[in-house]
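Student: Before I ask anything, let me first share the structure, which is written out below as structure tokens.
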Amino acid sequence: MSCKETESLVADYLDSSLPASQRRILEQHMQQCEHCRSELAAAQKVSAHLLQWRQQQVPQWNRIPETLRHARHTRSWSWFAWWQWAPVAVSLVLVLAIFTNVQLTQTQDGFVIAFGANRTVDAMDGSVIAEQLARFEVQQRLRQDQEFQALAARMEERQDASNIRLMETVISQMSDSTARSLDQVLAYFEAIREQDMQILQSTYQQLVDSDYETIRSVQQLASYVQYQP
Amino acid sequence: MSLADQDEVLIGAALEGSARAWERLVKRYEGRVYNFSLRLTGNQTDALDLMQEVFLGVYRNLHRFRGDSLFTTWLFRIAHNKAVDMNRCRRLFMQQDQPGGNADGDDADPYDRVVSNDPRQDPAVVLIEEQGNSVISRHLESLSWDQRLIVELKVFQSHTFEEIAELQDIPANTAKTRFYTALRKLKSILEQDHVM
């Protein structure tokens, strides 16, 4: 059985602005008219399906219009103009410090600034330097181990949280996903984890390389200083 | 929301040339506008273009916003008009819409797109969410432009038929008929896809 007003009635029923009195009349009609009732149920199902839309993140884009960007640059120019000389000034001070052989040493009385020849280094015994370097190396190794442990713990924590979130989403979307897409997701998931481990290993290796580089540089510097007259 | 964060305050500051205030205002609404655009255009490139057009339109007309209505109402009126303009241009200068594409139009690997899009989220999770959206997007693309727009306004933006009639300059009964026809079409597609 078909109702001539179904179209308008269903649309009205889905309109949130419909007054309560008219809604009651519509509900009474729906109870009596099977066609309208089934059409309304279908319309509600379609709406519910559409509302499963998940808000998607906005990709990176340029939010500031050209005119506003220009205004901002103009305003910040005076600040920049004043500060742009800062690196030059710092460089000059450093060059001056090197030419005048400035020495900053820490003694029991505090910091001492000296200009000219460096008596402290001359007086230092080679064995003392070697001993200090060895101590430095031990400290560095200890620090590396600690940093690596912390890095690994953070990584593990992040992966756990990520796994839980992924599985929750997979479960919630299970009804919509095909077996093939799930296989793809799982394969991708494995690839990402493997990539993460490679990043972790390379980061650690860089950390170690960087520290050995530092130690070697200090050793070269120390041997150079020892050979100075 | 603090006083300094209210739309009116941000609008005032943006009008005085504060890029920071403008950026905060945009960030507040860009998600809604982007998803609106994505559902209407069915692909990321056009959605981004439409979103940029919308915010450019908002920026150019910001001095005209008097606060008579909510800022979101005003913003989505501009979004609606820009969407209509974009569709008109498309019809004039490009081929007819090709229905049946996925959410991003191209055959590009969805993994690549997800990874490059949003490094803030777990890519696998984003992928699953987008798969759900691409199904809905495919269903929406089976509708004509007018039907898609009315479904967007009614279902996602929760406009009343009176508001839609005013926005589109059509009688309310036409809006109702168009909406009902769109739902019936979607229903038959969902039945074919065994979703219903």
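Chain labels run A, B, ... following the order of the structure tokens; each chain numbers its residues from 1, and ligands are numbered from 1 in the order shown.
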I want to know what sits within 12 Å of A:Arg158, based on only C-alpha atoms, with residues of the same chain fewer than 5 positions away left out; could you give that as a compact mmCIF listing (two decimals) with N, CA, C and O atoms, in the first residue's frame?

Tutor:
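After the write, part_28.txt holds the following:
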# COMPACT_ATOMS: atom_id res chain seq x y z
N LEU A 151 65.46 5.40 25.98
CA LEU A 151 64.94 5.45 24.60
C LEU A 151 64.10 4.20 24.30
O LEU A 151 63.00 4.28 23.76
N ALA A 152 64.67 3.04 24.71
CA ALA A 152 63.97 1.78 24.45
C ALA A 152 62.65 1.73 25.22
O ALA A 152 61.63 1.28 24.70
N ALA A 153 62.67 2.24 26.48
CA ALA A 153 61.45 2.22 27.30
C ALA A 153 60.38 3.09 26.68
O ALA A 153 59.21 2.70 26.59
N ASN A 163 49.61 -0.04 19.57
CA ASN A 163 49.01 -1.35 19.28
C ASN A 163 47.58 -1.42 19.79
O ASN A 163 46.68 -1.87 19.09
N ILE A 164 47.40 -0.93 21.03
CA ILE A 164 46.06 -0.98 21.63
C ILE A 164 45.09 -0.17 20.80
O ILE A 164 44.01 -0.63 20.46
N ARG A 165 45.54 1.02 20.39
CA ARG A 165 44.67 1.91 19.63
C ARG A 165 44.31 1.29 18.28
O ARG A 165 43.18 1.32 17.82
N ARG A 193 56.47 -1.39 12.39
CA ARG A 193 57.19 -1.78 13.61
C ARG A 193 58.67 -2.06 13.29
O ARG A 193 59.57 -1.68 14.02
N ASP A 196 60.44 1.11 12.81
CA ASP A 196 60.71 1.75 14.11
C ASP A 196 61.97 1.17 14.76
O ASP A 196 62.80 1.89 15.29
N GLN B 121 49.27 11.12 13.66
CA GLN B 121 48.49 9.94 14.07
C GLN B 121 49.16 8.68 13.60
O GLN B 121 49.96 8.69 12.69
N ASP B 122 48.80 7.58 14.23
CA ASP B 122 49.29 6.29 13.77
C ASP B 122 48.74 6.05 12.36
O ASP B 122 47.53 6.01 12.16

Student: Can you list every residue of chain A that has an atom at most 8 Å from chain B, with its nearest atom pair and the distance in Å to one decimal, using only C-alpha atoms, ordered by chain then number, as JSON lines?

Tutor:
{"residue": "A:Glu7", "atom": "CA", "partner": "B:Tyr180", "partner_atom": "CA", "distance": 6.1}
{"residue": "A:Ser8", "atom": "CA", "partner": "B:Lys176", "partner_atom": "CA", "distance": 6.4}
{"residue": "A:Val10", "atom": "CA", "partner": "B:Tyr180", "partner_atom": "CA", "distance": 7.6}
{"residue": "A:Ala11", "atom": "CA", "partner": "B:Lys176", "partner_atom": "CA", "distance": 5.7}
{"residue": "A:Asp12", "atom": "CA", "partner": "B:Lys176", "partner_atom": "CA", "distance": 7.8}
{"residue": "A:Asp15", "atom": "CA", "partner": "B:Thr160", "partner_atom": "CA", "distance": 5.8}
{"residue": "A:Ser16", "atom": "CA", "partner": "B:Thr160", "partner_atom": "CA", "distance": 6.7}
{"residue": "A:Ser17", "atom": "CA", "partner": "B:Thr160", "partner_atom": "CA", "distance": 6.2}
{"residue": "A:Ala42", "atom": "CA", "partner": "B:Lys187", "partner_atom": "CA", "distance": 6.9}
{"residue": "A:Ala43", "atom": "CA", "partner": "B:Leu183", "partner_atom": "CA", "distance": 6.1}
{"residue": "A:Lys45", "atom": "CA", "partner": "B:Met196", "partner_atom": "CA", "distance": 7.7}
{"residue": "A:Val46", "atom": "CA", "partner": "B:Lys187", "partner_atom": "CA", "distance": 6.2}
{"residue": "A:Ser47", "atom": "CA", "partner": "B:Val155", "partner_atom": "CA", "distance": 6.5}
{"residue": "A:His49", "atom": "CA", "partner": "B:Ile136", "partner_atom": "CA", "distance": 7.8}
{"residue": "A:Leu50", "atom": "CA", "partner": "B:Ile136", "partner_atom": "CA", "distance": 6.2}
{"residue": "A:Leu51", "atom": "CA", "partner": "B:Phe156", "partner_atom": "CA", "distance": 7.2}
{"residue": "A:Gln52", "atom": "CA", "partner": "B:Asn133", "partner_atom": "CA", "distance": 7.9}
{"residue": "A:Trp53", "atom": "CA", "partner": "B:Asn133", "partner_atom": "CA", "distance": 5.4}
{"residue": "A:Arg54", "atom": "CA", "partner": "B:Glu129", "partner_atom": "CA", "distance": 6.3}
{"residue": "A:Gln55", "atom": "CA", "partner": "B:Asn35", "partner_atom": "CA", "distance": 6.5}
{"residue": "A:Gln56", "atom": "CA", "partner": "B:Asn35", "partner_atom": "CA", "distance": 6.5}
{"residue": "A:Gln57", "atom": "CA", "partner": "B:Gly31", "partner_atom": "CA", "distance": 6.7}
{"residue": "A:Val58", "atom": "CA", "partner": "B:Gly31", "partner_atom": "CA", "distance": 6.0}
{"residue": "A:Pro59", "atom": "CA", "partner": "B:Asn117", "partner_atom": "CA", "distance": 5.4}
{"residue": "A:Gln60", "atom": "CA", "partner": "B:Asn117", "partner_atom": "CA", "distance": 7.4}
{"residue": "A:Arg63", "atom": "CA", "partner": "B:Glu23", "partner_atom": "CA", "distance": 6.3}
{"residue": "A:Ile64", "atom": "CA", "partner": "B:Glu23", "partner_atom": "CA", "distance": 6.6}
{"residue": "A:Pro65", "atom": "CA", "partner": "B:Leu56", "partner_atom": "CA", "distance": 7.0}
{"residue": "A:Leu68", "atom": "CA", "partner": "B:Ala19", "partner_atom": "CA", "distance": 6.2}
{"residue": "A:Arg69", "atom": "CA", "partner": "B:Ala19", "partner_atom": "CA", "distance": 7.0}
{"residue": "A:Ala71", "atom": "CA", "partner": "B:Gly17", "partner_atom": "CA", "distance": 6.7}
{"residue": "A:Arg72", "atom": "CA", "partner": "B:Ala19", "partner_atom": "CA", "distance": 6.6}
{"residue": "A:Ser162", "atom": "CA", "partner": "B:Asp122", "partner_atom": "CA", "distance": 6.9}
{"residue": "A:Arg165", "atom": "CA", "partner": "B:Val125", "partner_atom": "CA", "distance": 7.5}
{"residue": "A:Leu166", "atom": "CA", "partner": "B:Val125", "partner_atom": "CA", "distance": 5.5}
{"residue": "A:Thr169", "atom": "CA", "partner": "B:Val125", "partner_atom": "CA", "distance": 6.5}
{"residue": "A:Val170", "atom": "CA", "partner": "B:Ile128", "partner_atom": "CA", "distance": 7.1}
{"residue": "A:Gln173", "atom": "CA", "partner": "B:Ile128", "partner_atom": "CA", "distance": 7.3}
{"residue": "A:Asp176", "atom": "CA", "partner": "B:Gly132", "partner_atom": "CA", "distance": 6.7}
{"residue": "A:Ser177", "atom": "CA", "partner": "B:Gly132", "partner_atom": "CA", "distance": 7.8}
{"residue": "A:Val185", "atom": "CA", "partner": "B:Ala124", "partner_atom": "CA", "distance": 6.4}
{"residue": "A:Tyr188", "atom": "CA", "partner": "B:Ala124", "partner_atom": "CA", "distance": 7.2}
{"residue": "A:Phe189", "atom": "CA", "partner": "B:Ala124", "partner_atom": "CA", "distance": 6.4}

Student: Quick one: write out the picked residues with N, CA and C atoms as a compact mmCIF listing (two decimals), in the first residue's frame?

Tutor:
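Final output, saved to part28.txt:
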# COMPACT_ATOMS: atom_id res chain seq x y z
N GLU A 7 6.58 11.01 1.10
CA GLU A 7 7.75 11.85 0.82
C GLU A 7 7.85 13.01 1.80
N SER A 8 6.78 13.75 1.87
CA SER A 8 6.76 14.93 2.73
C SER A 8 6.76 14.54 4.21
N VAL A 10 7.98 11.77 5.69
CA VAL A 10 9.28 11.26 6.15
C VAL A 10 10.26 12.42 6.32
N ALA A 11 10.27 13.31 5.33
CA ALA A 11 11.18 14.47 5.41
C ALA A 11 10.84 15.32 6.63
N ASP A 12 9.56 15.55 6.84
CA ASP A 12 9.15 16.34 8.01
C ASP A 12 9.58 15.67 9.31
N ASP A 15 13.01 16.27 10.30
CA ASP A 15 13.37 17.68 10.52
C ASP A 15 13.30 18.00 12.01
N SER A 16 14.42 18.41 12.55
CA SER A 16 14.48 18.66 13.99
C SER A 16 13.62 19.86 14.40
N SER A 17 13.27 20.71 13.43
CA SER A 17 12.51 21.92 13.79
C SER A 17 11.00 21.68 13.84
N ALA A 42 13.85 3.07 6.78
CA ALA A 42 14.94 3.01 5.78
C ALA A 42 15.71 4.33 5.76
N ALA A 43 14.97 5.43 5.81
CA ALA A 43 15.62 6.75 5.79
C ALA A 43 16.53 6.92 7.01
N LYS A 45 17.97 4.51 8.65
CA LYS A 45 19.15 3.63 8.48
C LYS A 45 20.18 4.28 7.56
N VAL A 46 19.70 4.89 6.48
CA VAL A 46 20.62 5.55 5.54
C VAL A 46 21.36 6.69 6.26
N SER A 47 20.60 7.49 7.02
CA SER A 47 21.22 8.61 7.76
C SER A 47 22.26 8.08 8.74
N HIS A 49 23.95 5.34 8.56
CA HIS A 49 25.13 4.86 7.81
C HIS A 49 26.04 6.04 7.45
N LEU A 50 25.43 7.13 6.95
CA LEU A 50 26.23 8.30 6.57
C LEU A 50 26.94 8.91 7.77
N LEU A 51 26.27 8.88 8.90
CA LEU A 51 26.85 9.52 10.10
C LEU A 51 27.99 8.70 10.72
N GLN A 52 28.32 7.56 10.08
CA GLN A 52 29.50 6.81 10.54
C GLN A 52 30.79 7.46 10.04
N TRP A 53 30.63 8.50 9.27
CA TRP A 53 31.79 9.25 8.76
C TRP A 53 32.70 9.65 9.92
N ARG A 54 34.00 9.32 9.78
CA ARG A 54 34.98 9.71 10.80
C ARG A 54 35.65 11.01 10.37
N GLN A 55 35.68 11.96 11.29
CA GLN A 55 36.32 13.25 10.96
C GLN A 55 37.75 13.02 10.50
N GLN A 56 38.10 13.48 9.34
CA GLN A 56 39.48 13.30 8.85
C GLN A 56 40.33 14.52 9.16
N GLN A 57 41.59 14.22 9.50
CA GLN A 57 42.53 15.30 9.83
C GLN A 57 42.79 16.16 8.59
N VAL A 58 42.94 17.45 8.84
CA VAL A 58 43.22 18.37 7.73
C VAL A 58 44.70 18.25 7.36
N PRO A 59 45.01 18.03 6.08
CA PRO A 59 46.44 17.99 5.70
C PRO A 59 47.08 19.37 5.92
N GLN A 60 48.41 19.39 5.89
CA GLN A 60 49.11 20.67 6.06
C GLN A 60 48.71 21.63 4.94
N ARG A 63 47.63 28.56 6.07
CA ARG A 63 46.42 29.18 6.63
C ARG A 63 46.41 30.70 6.50
N ILE A 64 47.58 31.29 6.40
CA ILE A 64 47.65 32.76 6.42
C ILE A 64 47.56 33.32 5.00
N PRO A 65 46.57 34.16 4.71
CA PRO A 65 46.49 34.77 3.37
C PRO A 65 47.68 35.67 3.09
N LEU A 68 47.83 39.17 4.73
CA LEU A 68 48.08 39.13 6.18
C LEU A 68 49.53 38.75 6.46
N ARG A 69 50.05 37.82 5.61
CA ARG A 69 51.43 37.39 5.77
C ARG A 69 52.37 38.56 5.56
N ALA A 71 51.66 41.72 6.01
CA ALA A 71 51.53 42.64 7.14
C ALA A 71 52.38 42.16 8.31
N ARG A 72 52.37 40.83 8.54
CA ARG A 72 53.11 40.27 9.67
C ARG A 72 54.60 40.48 9.48
N SER A 162 50.16 2.40 20.83
CA SER A 162 49.79 2.40 19.42
C SER A 162 49.09 1.09 19.04
N ARG A 165 45.54 1.02 20.39
CA ARG A 165 44.67 1.91 19.63
C ARG A 165 44.31 1.29 18.28
N LEU A 166 45.33 0.70 17.66
CA LEU A 166 45.11 0.07 16.36
C LEU A 166 44.10 -1.06 16.47
N THR A 169 40.59 0.14 16.95
CA THR A 169 40.01 0.64 15.71
C THR A 169 39.66 -0.50 14.76
N VAL A 170 40.56 -1.51 14.71
CA VAL A 170 40.30 -2.67 13.85
C VAL A 170 39.01 -3.34 14.27
N GLN A 173 35.95 -1.33 13.41
CA GLN A 173 35.69 -1.24 11.97
C GLN A 173 35.52 -2.60 11.33
N ASP A 176 33.01 -3.33 8.67
CA ASP A 176 33.11 -2.65 7.38
C ASP A 176 34.31 -3.12 6.56
N SER A 177 35.27 -3.74 7.23
CA SER A 177 36.51 -4.06 6.52
C SER A 177 36.45 -5.44 5.87
N VAL A 185 46.41 -4.13 6.33
CA VAL A 185 46.67 -3.32 7.52
C VAL A 185 47.69 -4.02 8.40
N TYR A 188 51.09 -3.92 6.88
CA TYR A 188 51.62 -2.56 7.03
C TYR A 188 52.07 -2.29 8.46
N PHE A 189 51.28 -2.76 9.38
CA PHE A 189 51.55 -2.64 10.80
C PHE A 189 52.91 -3.25 11.12

Student: Please indicate the distance in Å from atom CA of B:Ala13 to atom CA of B:Phe65, rounded to one decimal place.

Tutor: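 Between atom CA of B:Ala13 and atom CA of B:Phe65 the gap is 13.5 Å.
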
Student: Report the residues of stretch 1-199 of chain A whose backbone DSSP state falls under strand (DSSP E or B), written as a PyMOL selection string.

Tutor: chain A and resi 103-107+110-114

Student: By how many Å are atom CA of A:Phe148 and atom CA of A:Asp209 apart?

Tutor: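 If I compute the distance from atom CA of A:Phe148 to atom CA of A:Asp209, I get 13.5 Å.
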
Student: Could you give me, as a list in words, the residues within 9 Å of A:Arg23, counting only C-alpha atoms and dropping anything in the same chain fewer than 4 positions from it?

Tutor: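 Using only C-alpha atoms, the neighbours found are Asp12, Tyr13, Leu18, Pro19, Glu27 and Gln28 of chain A.
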
Student: How would the residues just picked look written out with all heavy atoms as a PDB file, in the first residue's frame?

Tutor:
ATOM      1  N   ASP A  12       9.562  15.551   6.844  1.00  0.00           N
ATOM      2  CA  ASP A  12       9.151  16.343   8.013  1.00  0.00           C
ATOM      3  C   ASP A  12       9.576  15.672   9.309  1.00  0.00           C
ATOM      4  O   ASP A  12      10.040  16.318  10.240  1.00  0.00           O
ATOM      5  CB  ASP A  12       7.625  16.513   8.018  1.00  0.00           C
ATOM      6  CG  ASP A  12       7.188  17.643   7.092  1.00  0.00           C
ATOM      7  OD1 ASP A  12       8.054  18.485   6.775  1.00  0.00           O
ATOM      8  OD2 ASP A  12       6.010  17.673   6.699  1.00  0.00           O
ATOM      9  N   TYR A  13       9.405  14.368   9.354  1.00  0.00           N
ATOM     10  CA  TYR A  13       9.724  13.633  10.582  1.00  0.00           C
ATOM     11  C   TYR A  13      11.212  13.754  10.916  1.00  0.00           C
ATOM     12  O   TYR A  13      11.603  13.808  12.079  1.00  0.00           O
ATOM     13  CB  TYR A  13       9.342  12.160  10.404  1.00  0.00           C
ATOM     14  CG  TYR A  13       9.268  11.416  11.721  1.00  0.00           C
ATOM     15  CD1 TYR A  13       8.098  11.405  12.466  1.00  0.00           C
ATOM     16  CD2 TYR A  13      10.371  10.733  12.219  1.00  0.00           C
ATOM     17  CE1 TYR A  13       8.021  10.736  13.673  1.00  0.00           C
ATOM     18  CE2 TYR A  13      10.310  10.068  13.417  1.00  0.00           C
ATOM     19  CZ  TYR A  13       9.130  10.065  14.155  1.00  0.00           C
ATOM     20  OH  TYR A  13       9.075   9.412  15.359  1.00  0.00           O
ATOM     21  N   LEU A  18      10.578  20.451  13.604  1.00  0.00           N
ATOM     22  CA  LEU A  18       9.143  20.168  13.557  1.00  0.00           C
ATOM     23  C   LEU A  18       8.519  20.370  14.957  1.00  0.00           C
ATOM     24  O   LEU A  18       9.015  19.813  15.938  1.00  0.00           O
ATOM     25  CB  LEU A  18       8.919  18.717  13.099  1.00  0.00           C
ATOM     26  CG  LEU A  18       7.497  18.366  12.711  1.00  0.00           C
ATOM     27  CD1 LEU A  18       7.121  19.038  11.396  1.00  0.00           C
ATOM     28  CD2 LEU A  18       7.343  16.850  12.588  1.00  0.00           C
ATOM     29  N   PRO A  19       7.434  21.177  15.059  1.00  0.00           N
ATOM     30  CA  PRO A  19       6.811  21.397  16.370  1.00  0.00           C
ATOM     31  C   PRO A  19       6.278  20.083  16.956  1.00  0.00           C
ATOM     32  O   PRO A  19       5.878  19.181  16.203  1.00  0.00           O
ATOM     33  CB  PRO A  19       5.655  22.355  16.064  1.00  0.00           C
ATOM     34  CG  PRO A  19       5.973  22.954  14.756  1.00  0.00           C
ATOM     35  CD  PRO A  19       6.780  21.956  13.998  1.00  0.00           C
ATOM     36  N   GLU A  27       3.397  10.853  14.150  1.00  0.00           N
ATOM     37  CA  GLU A  27       3.617   9.560  14.811  1.00  0.00           C
ATOM     38  C   GLU A  27       2.356   8.698  14.761  1.00  0.00           C
ATOM     39  O   GLU A  27       2.440   7.481  14.555  1.00  0.00           O
ATOM     40  CB  GLU A  27       4.081   9.766  16.254  1.00  0.00           C
ATOM     41  CG  GLU A  27       5.583  10.065  16.319  1.00  0.00           C
ATOM     42  CD  GLU A  27       6.048  10.596  17.661  1.00  0.00           C
ATOM     43  OE1 GLU A  27       5.184  10.818  18.546  1.00  0.00           O
ATOM     44  OE2 GLU A  27       7.254  10.803  17.807  1.00  0.00           O
ATOM     45  N   GLN A  28       1.227   9.369  14.943  1.00  0.00           N
ATOM     46  CA  GLN A  28      -0.045   8.627  14.864  1.00  0.00           C
ATOM     47  C   GLN A  28      -0.222   8.030  13.466  1.00  0.00           C
ATOM     48  O   GLN A  28      -0.629   6.883  13.303  1.00  0.00           O
ATOM     49  CB  GLN A  28      -1.215   9.559  15.189  1.00  0.00           C
ATOM     50  CG  GLN A  28      -1.385   9.783  16.695  1.00  0.00           C
ATOM     51  CD  GLN A  28      -2.419  10.859  16.983  1.00  0.00           C
ATOM     52  OE1 GLN A  28      -3.051  11.401  16.079  1.00  0.00           O
ATOM     53  NE2 GLN A  28      -2.590  11.177  18.268  1.00  0.00           N
TER      54      GLN A  28
END

Student: How many Å separate atom CA of A:Tyr212 from atom CA of A:Glu137?

Tutor: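 Pair atom CA of A:Tyr212 / atom CA of A:Glu137 returns 8.5 Å.
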